[in-house]
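Source file: run-v1.cif; contents: mmCIF, C-alpha atoms and all ligand atoms.
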```cif
data_work
loop_
_atom_site.label_atom_id
_atom_site.label_comp_id
_atom_site.auth_asym_id
_atom_site.auth_seq_id
_atom_site.Cartn_x
_atom_site.Cartn_y
_atom_site.Cartn_z
CA MET A 25 9.18 -8.27 10.07
CA ILE A 26 6.52 -10.92 9.65
CA ASN A 27 7.20 -14.64 9.93
CA PHE A 28 4.89 -16.83 7.84
CA HIS A 29 4.61 -20.50 8.76
CA VAL A 30 2.81 -22.52 6.11
CA MET A 31 1.50 -26.00 6.92
CA THR A 32 1.16 -27.83 3.62
CA LEU A 33 1.56 -31.13 1.78
CA PHE A 34 3.35 -29.24 -1.04
CA PRO A 35 6.09 -27.11 0.55
CA GLU A 36 7.83 -26.73 -2.82
CA MET A 37 4.84 -24.71 -4.11
CA ILE A 38 5.26 -22.25 -1.24
CA GLU A 39 9.05 -22.11 -1.70
CA SER A 40 8.84 -21.42 -5.43
CA GLY A 41 5.99 -18.94 -5.00
CA THR A 42 7.98 -16.81 -2.55
CA GLY A 43 11.52 -17.36 -3.85
CA GLY A 44 11.62 -14.71 -6.55
CA SER A 45 10.62 -11.16 -7.37
CA ILE A 46 9.58 -8.82 -4.55
CA LEU A 47 8.87 -11.56 -2.00
CA GLY A 48 12.22 -13.23 -2.72
CA ARG A 49 13.99 -9.91 -2.14
CA ALA A 50 11.99 -9.31 1.06
CA ARG A 51 13.03 -12.75 2.34
CA LYS A 52 16.70 -12.10 1.54
CA ASN A 53 16.54 -8.71 3.25
CA GLY A 54 14.99 -10.25 6.39
CA LEU A 55 11.75 -8.25 6.09
CA ILE A 56 9.67 -11.43 5.99
CA SER A 57 10.42 -15.08 6.57
CA VAL A 58 8.56 -18.00 5.01
CA ASP A 59 8.79 -21.43 6.58
CA ALA A 60 6.96 -24.14 4.63
CA VAL A 61 6.37 -27.12 6.91
CA ASN A 62 5.41 -30.48 5.41
CA ILE A 63 2.38 -31.94 7.22
CA ARG A 64 3.43 -35.37 5.92
CA ASP A 65 6.49 -35.28 8.22
CA PHE A 66 4.10 -35.56 11.19
CA THR A 67 2.20 -38.72 10.27
CA ASP A 68 2.32 -41.47 12.87
CA ASN A 69 2.33 -44.27 10.28
CA LYS A 70 5.30 -45.47 8.27
CA HIS A 71 3.61 -44.95 4.92
CA GLY A 72 3.36 -41.19 5.39
CA ARG A 73 -0.38 -41.23 4.83
CA CYS A 74 -2.22 -38.07 5.85
CA ASP A 75 -5.68 -38.77 4.45
CA ASP A 76 -8.43 -41.34 4.82
CA TYR A 77 -11.98 -42.08 3.66
CA PRO A 78 -14.74 -39.84 4.99
CA TYR A 79 -16.97 -41.29 7.73
CA GLY A 80 -20.49 -41.56 6.35
CA GLY A 81 -19.20 -42.19 2.87
CA GLY A 82 -19.00 -39.90 -0.11
CA ALA A 83 -16.44 -38.90 -2.69
CA GLY A 84 -12.83 -37.99 -2.04
CA MET A 85 -10.48 -38.20 0.90
CA VAL A 86 -10.20 -36.21 4.11
CA MET A 87 -6.98 -34.99 5.72
CA GLN A 88 -6.61 -36.56 9.16
CA ALA A 89 -6.59 -34.49 12.33
CA GLN A 90 -3.47 -36.00 13.93
CA PRO A 91 -0.73 -34.94 11.46
CA VAL A 92 -2.29 -31.48 11.10
CA CYS A 93 -2.48 -30.94 14.88
CA ASP A 94 1.02 -32.32 15.53
CA CYS A 95 2.43 -30.16 12.75
CA CYS A 96 0.82 -27.08 14.27
CA LYS A 97 2.15 -28.00 17.71
CA ALA A 98 5.68 -28.19 16.28
CA VAL A 99 5.26 -24.84 14.52
CA ARG A 100 4.04 -23.19 17.75
CA GLU A 101 6.98 -24.67 19.67
CA SER A 102 9.44 -23.41 17.05
CA ILE A 103 7.96 -19.89 17.38
CA ASN A 104 8.25 -20.13 21.18
CA GLY A 105 11.85 -21.29 20.71
CA GLN A 106 12.60 -18.07 18.84
CA GLY A 107 11.44 -16.02 21.82
CA ARG A 108 8.00 -15.12 20.48
CA ASN A 109 4.56 -16.34 21.51
CA GLY A 110 3.67 -19.36 19.40
CA ASP A 111 0.74 -20.32 21.62
CA SER A 112 -1.19 -17.16 20.70
CA THR A 113 -0.18 -17.12 17.01
CA ARG A 114 -3.25 -16.92 14.77
CA VAL A 115 -3.94 -19.92 12.51
CA ILE A 116 -5.55 -19.09 9.17
CA TYR A 117 -7.19 -21.99 7.33
CA LEU A 118 -7.62 -21.37 3.60
CA THR A 119 -11.03 -22.58 2.52
CA PRO A 120 -13.79 -21.43 0.15
CA GLN A 121 -16.07 -21.49 3.23
CA GLY A 122 -14.09 -18.71 4.95
CA ARG A 123 -14.56 -14.96 5.18
CA THR A 124 -13.54 -13.36 1.90
CA LEU A 125 -10.06 -11.83 2.00
CA SER A 126 -10.09 -8.03 1.89
CA GLN A 127 -7.52 -5.25 2.04
CA GLU A 128 -8.77 -4.47 5.54
CA MET A 129 -8.11 -8.06 6.64
CA ALA A 130 -4.60 -7.89 5.14
CA GLU A 131 -3.93 -4.63 7.02
CA ASP A 132 -5.05 -6.25 10.26
CA LEU A 133 -2.85 -9.33 9.72
CA ALA A 134 0.14 -7.16 8.77
CA LYS A 135 0.32 -6.14 12.46
CA GLU A 136 1.21 -9.71 13.50
CA GLU A 137 4.75 -10.96 14.08
CA ASP A 138 3.88 -14.55 13.18
CA ILE A 139 1.07 -16.00 11.06
CA ILE A 140 0.36 -19.71 10.62
CA LEU A 141 -1.35 -20.63 7.32
CA LEU A 142 -2.98 -24.04 6.96
CA CYS A 143 -3.45 -25.42 3.44
CA GLY A 144 -6.02 -28.13 2.89
CA HIS A 145 -6.25 -30.66 0.09
CA TYR A 146 -8.61 -33.42 -0.98
CA GLU A 147 -12.14 -32.90 0.31
CA GLY A 148 -10.97 -30.91 3.33
CA ILE A 149 -9.59 -31.44 6.81
CA ASP A 150 -11.15 -33.40 9.68
CA GLU A 151 -13.35 -30.83 11.41
CA ARG A 152 -11.86 -31.69 14.84
CA ALA A 153 -8.44 -30.37 13.78
CA LEU A 154 -10.00 -27.04 12.79
CA GLU A 155 -11.82 -26.92 16.12
CA LEU A 156 -8.75 -27.79 18.19
CA LEU A 157 -6.53 -25.28 16.39
CA HIS A 158 -9.12 -22.45 16.64
CA THR A 159 -8.62 -21.62 12.97
CA GLU A 160 -9.80 -18.41 11.38
CA ASN A 161 -11.20 -19.42 8.01
CA VAL A 162 -10.37 -17.28 4.99
CA SER A 163 -11.42 -17.61 1.33
CA ILE A 164 -9.79 -15.71 -1.52
CA GLY A 165 -13.01 -15.62 -3.55
CA ASP A 166 -16.10 -17.47 -4.64
CA PHE A 167 -14.43 -20.18 -6.67
CA VAL A 168 -12.96 -23.54 -5.75
CA LEU A 169 -9.26 -24.38 -6.15
CA THR A 170 -7.52 -27.74 -5.81
CA GLY A 171 -5.79 -26.76 -2.59
CA GLY A 172 -4.92 -23.98 -0.18
CA GLU A 173 -1.38 -23.31 -1.44
CA LEU A 174 -2.26 -20.67 -4.05
CA PRO A 175 -4.58 -18.86 -1.59
CA ALA A 176 -1.80 -18.97 1.04
CA LEU A 177 0.58 -17.38 -1.48
CA VAL A 178 -2.02 -14.72 -2.25
CA MET A 179 -2.25 -13.92 1.45
CA ILE A 180 1.54 -13.84 1.93
CA ASP A 181 1.82 -11.48 -1.03
CA CYS A 182 -0.84 -8.98 -0.03
CA ILE A 183 0.26 -8.92 3.63
CA SER A 184 3.99 -8.66 2.81
CA ARG A 185 3.62 -5.63 0.57
CA LEU A 186 2.27 -3.76 3.60
CA VAL A 187 5.47 -4.42 5.57
CA PRO A 188 7.63 -1.25 5.53
CA GLY A 189 10.56 -1.64 3.15
CA VAL A 190 9.12 -4.51 1.11
CA LEU A 191 8.04 -2.21 -1.71
CA GLY A 192 10.55 0.20 -3.21
CA GLY A 193 9.12 3.62 -2.41
CA ASP A 194 7.76 4.14 1.07
CA GLU A 195 4.41 5.42 -0.17
CA SER A 196 3.81 2.93 -2.97
CA ALA A 197 1.64 0.71 -0.77
CA LEU A 198 -0.57 3.66 0.10
CA ILE A 199 -1.22 5.21 -3.30
CA GLU A 200 -2.29 2.07 -5.11
CA SER A 201 -5.77 0.66 -5.54
CA PHE A 202 -8.14 0.85 -2.58
CA HIS A 203 -6.50 3.81 -0.90
CA ASP A 204 -9.45 5.90 0.32
CA ASN A 205 -11.58 3.08 -1.14
CA LEU A 206 -10.85 4.31 -4.67
CA LEU A 207 -9.33 2.48 -7.63
CA GLU A 208 -5.97 3.60 -8.95
CA TYR A 209 -5.73 6.34 -11.60
CA PRO A 210 -4.36 5.46 -15.08
CA GLN A 211 -0.58 5.48 -15.55
CA TYR A 212 1.50 6.36 -18.61
CA THR A 213 5.18 6.20 -19.50
CA ARG A 214 7.27 6.98 -22.59
CA PRO A 215 6.71 7.46 -25.49
CA GLU A 216 4.30 10.44 -25.55
CA VAL A 217 2.47 8.99 -28.55
CA TYR A 218 1.93 5.25 -29.05
CA GLU A 219 -0.12 3.91 -31.97
CA GLY A 220 -1.60 7.38 -32.36
CA LEU A 221 -2.65 7.56 -28.68
CA ARG A 222 -1.37 10.58 -26.76
CA VAL A 223 -0.52 10.77 -23.07
CA PRO A 224 -3.02 13.16 -21.40
CA GLU A 225 -1.61 16.67 -21.79
CA ILE A 226 -1.91 17.51 -18.09
CA LEU A 227 0.67 14.85 -17.14
CA LEU A 228 3.26 16.65 -19.32
CA SER A 229 2.52 20.05 -17.80
CA GLY A 230 4.78 19.69 -14.77
CA HIS A 231 2.03 21.35 -12.68
CA HIS A 232 2.04 19.07 -9.66
CA GLU A 233 -1.20 20.31 -8.09
CA ASN A 234 -3.20 20.00 -11.30
CA VAL A 235 -1.79 16.52 -11.88
CA GLU A 236 -2.89 15.43 -8.37
CA LYS A 237 -6.37 16.88 -8.91
CA TRP A 238 -6.69 15.12 -12.28
CA ARG A 239 -5.55 11.81 -10.79
CA ARG A 240 -8.07 12.01 -7.97
CA GLU A 241 -10.83 12.76 -10.50
CA GLN A 242 -9.72 9.82 -12.65
CA SER A 243 -9.81 7.57 -9.57
CA ILE A 244 -13.33 8.72 -8.72
CA GLU A 245 -14.52 8.26 -12.32
CA ARG A 246 -13.04 4.77 -12.56
CA THR A 247 -14.43 3.67 -9.25
CA LEU A 248 -17.91 4.88 -10.20
CA ARG A 249 -17.73 3.09 -13.56
CA LEU A 250 -15.95 -0.16 -12.58
CA ARG A 251 -16.64 -0.67 -8.86
CA PRO A 252 -19.69 1.40 -7.90
CA ASP A 253 -19.99 -0.82 -4.79
CA LEU A 254 -16.88 0.93 -3.38
CA ILE A 255 -18.34 4.45 -3.72
CA PRO A 256 -20.26 4.55 -0.40
CA GLY A 257 -16.98 3.92 1.47
CA ALA A 258 -14.89 6.39 -0.58
CA LYS A 259 -13.11 9.11 1.39
CA LEU A 260 -13.66 12.34 -0.56
CA ASP A 261 -13.26 16.01 0.34
CA LYS A 262 -15.99 18.55 -0.41
CA ARG A 263 -14.76 19.41 -3.89
CA GLU A 264 -14.39 15.74 -4.78
CA THR A 265 -17.87 14.97 -3.49
CA ARG A 266 -19.26 17.69 -5.80
CA TYR A 267 -17.26 16.17 -8.67
CA LEU A 268 -18.73 12.72 -7.94
CA GLU A 269 -22.25 14.20 -7.81
CA SER A 270 -21.72 15.88 -11.18
CA LEU A 271 -20.61 12.54 -12.67
CA MET A 272 -23.66 10.79 -11.26
CA GLU A 273 -25.97 13.47 -12.62
CA LYS A 274 -24.38 13.10 -16.05
CA GLU A 275 -24.85 9.33 -15.81
CA ASN A 276 -28.54 9.81 -15.01
CA GLY A 277 -28.89 12.00 -18.09
CA ASN A 278 -29.52 15.31 -16.26
N1 LIG B 301 -9.19 -23.70 -1.18
C1 LIG B 301 -9.86 -24.05 -2.29
N2 LIG B 301 -10.49 -23.02 -2.82
C2 LIG B 301 -10.20 -21.93 -2.04
C3 LIG B 301 -10.55 -20.56 -2.07
N3 LIG B 301 -11.33 -20.04 -3.02
N4 LIG B 301 -10.08 -19.77 -1.10
C4 LIG B 301 -9.30 -20.27 -0.13
N5 LIG B 301 -8.95 -21.54 -0.04
C5 LIG B 301 -9.38 -22.38 -0.99
#
```

Could you write out this structure as structure tokens?
Ligand code: ADE
Amino acid sequence: MINFHVMTLFPEMIESGTGGSILGRARKNGLISVDAVNIRDFTDNKHGRCDDYPYGGGAGMVMQAQPVCDCCKAVRESINGQGRNGDSTRVIYLTPQGRTLSQEMAEDLAKEEDIILLCGHYEGIDERALELLHTENVSIGDFVLTGGELPALVMIDCISRLVPGVLGGDESALIESFHDNLLEYPQYTRPEVYEGLRVPEILLSGHHENVEKWRREQSIERTLRLRPDLIPGAKLDKRETRYLESLMEKENGN
């Protein structure tokens, strides 16, 4: 069970992004919870303003420290109120300046009971809020989005699928891409022939061991072709290492 607490100006984006499909089912089954908290509810002015002009000038608006910090305080207190430790709950701030999200990071976060996600908007959040909340800064890639909500949803998705029971089969989380640092092998389903293209014969053979061997080889081949940067970290046995070497020799024209 992981409890996600999302601090945002657009709680409806978080609700709709986690209401259906696998995450919706996981929420209904009590395997994850998602609490979208509106930062605007914590403003200390009657207009509900959360942003202001940047000191020093420049384009855009900056989210103020006070509503963000008060929102986080309320979230921590609510976690404490549920008998868990809100004061030590990690706060992840979604920002293109953060460490790039990886499967390893998701696996680490999947061990937590509670995770607080902070979504920024406008030109960012007053630096003092980030300092006071001891945020860990995470980016989902080298591109800039309009806000942190989509990145927060990406994080909730990739962490949730690691929670036992969220995916159908128990192993499905393990076999897919990035297991052993290899990409996934190609998949086929009926019919046997589509537009003249046949399913590889070996998959119809019913010979389980040969199928497994073929799939591993396909994974190695794909990884070498599409993500050669993953190869140094790939976990291969002796036979697979020889197979990889033979592919590399072929590639080098030997
Ligand atoms: N906010 C805006 N762009 C982002 C990105 N690439 N990753 C995380 N948060 C963001």

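Nearest residue to ligand LIG 301 (chain B) among A:Gln211, A:Asn161, A:Asn276, A:Ser196 is A:Asn161, counting only C-alpha atoms and all ligand atoms.
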
Subject >> At most 6 Å from ligand LIG 301 (chain B) (only C-alpha atoms and all ligand atoms): residue list as a list in words >> reply: Leu118, Thr119, Pro120, Ser163, Ile164, Gly165, Asp166, Phe167, Val168, Leu169, Thr170, Gly171, Gly172 and Pro175 of chain A

**OP:** Choose the residue, out of A:Ser40, A:Gln121, A:Ser126, A:Thr32, that has the smallest atom-to-atom separation from Cys95 (chain A); count all atoms listed in the file.
**Re:**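 Distance minimum relative to Cys95 (chain A) lands on A:Thr32.
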
**OP:** Could you tell me which of A:Cys96, A:Tyr218, A:Glu269, A:Ala50 comes closest to Arg185 (chain A) if we count all atoms listed in the file?
**Re:**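 Ranked by minimum distance to Arg185 (chain A), first place goes to A:Ala50.
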
**OP:** May I ask which of the residues A:Cys93, A:Met85, A:Cys143, A:Ile103 is the closest one to Glu173 (chain A), counting all atoms listed in the file?
**Re:** A:Cys143

Which centre and edge lengths in Å to one decimal define the box along x, y and z that fits every listed atom of region 147-164 of chain A plus 6 Å per side, as AutoDock Vina command-line options?
```
--center_x -9.9 --center_y -24.6 --center_z 8.3 --size_x 18.8 --size_y 29.7 --size_z 31.7
```

**OP:** For each of A:Val115, A:Val187, A:Leu271, A:Leu207, take the minimum atom-to-atom distance to Leu154 (chain A), counting only C-alpha atoms, then give the residue where this is smallest.
**Re:** A:Val115

Subject >> Residues within 7 Å of (7.1, -18.8, 0.4), counting all atoms listed in the file, listed as a PyMOL selection string >> reply: chain A and resi 38-43+58-60+177

**OP:** Identify the residues around (-3.3, -5.8, 4.2) within a radius of 8 Å, measuring from all atoms listed in the file in the coordinates stated by the file, and give them as a list in words.
**Re:**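 Protein, DNA and RNA residues close to (-3.3, -5.8, 4.2): Ser126, Gln127, Glu128, Met129, Ala130, Glu131, Asp132, Leu133, Ala134, Cys182, Ile183, Ser184, Arg185 and Leu186 of chain A.
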
**OP:** For CA of Leu142 (chain A) and CA of Gly44 (chain A), quote the distance in Å rounded to one decimal.
**Re:**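 Computed distance, CA of Leu142 (chain A) to CA of Gly44 (chain A), equals 22.0 Å.
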
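If all atoms listed in the file are the atoms counted, then among A:Met87, A:Glu151, A:Pro256, A:Arg100 the closest residue to Arg73 (chain A) is A:Met87.
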
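CA of Lys274 (chain A) to CA of Arg246 (chain A) spans 14.5 Å [interatomic distance, one decimal].
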
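Across the model, the gap from CA of Cys74 (chain A) to CA of His158 (chain A) is 20.2 Å.
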
Subject >> Residues within 8 Å of Asn62 (chain A), only C-alpha atoms, excluding chain neighbours under 4 positions, as a PyMOL selection string >> reply: chain A and resi 31-35+66+95

Subject >> Long-range neighbours of Val190 (chain A) as a list in words, 12 Å cut-off, all atoms listed in the file, 4 positions minimum in chain >> reply: Met25, Ile26, Ser45, Ile46, Leu47, Gly48, Arg49, Ala50, Arg51, Lys52, Asn53, Gly54, Leu55, Ile56, Ser57, Asp181, Cys182, Ile183, Ser184, Arg185, Leu186, Asp194, Glu195, Ser196 and Ala197 of chain A

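Residue neighbourhood of Leu227 (chain A), excluding near-sequence residues (fewer than 4 positions): Gln211, Tyr212, Val223, His231, His232, Asn234, Val235, Glu236, Trp238 and Arg239 of chain A, at 10 Å, using all atoms listed in the file.
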
**OP:** Determine, counting all atoms listed in the file, which protein, DNA and RNA residues have an atom within 9 Å of an atom of Ile244 (chain A); residues of the same chain fewer than 3 positions away are not included. Present the result as an MDAnalysis selection string.
**Re:** chainID A and resid 206:209 239:241 247:249 255 258 260 264 267:268
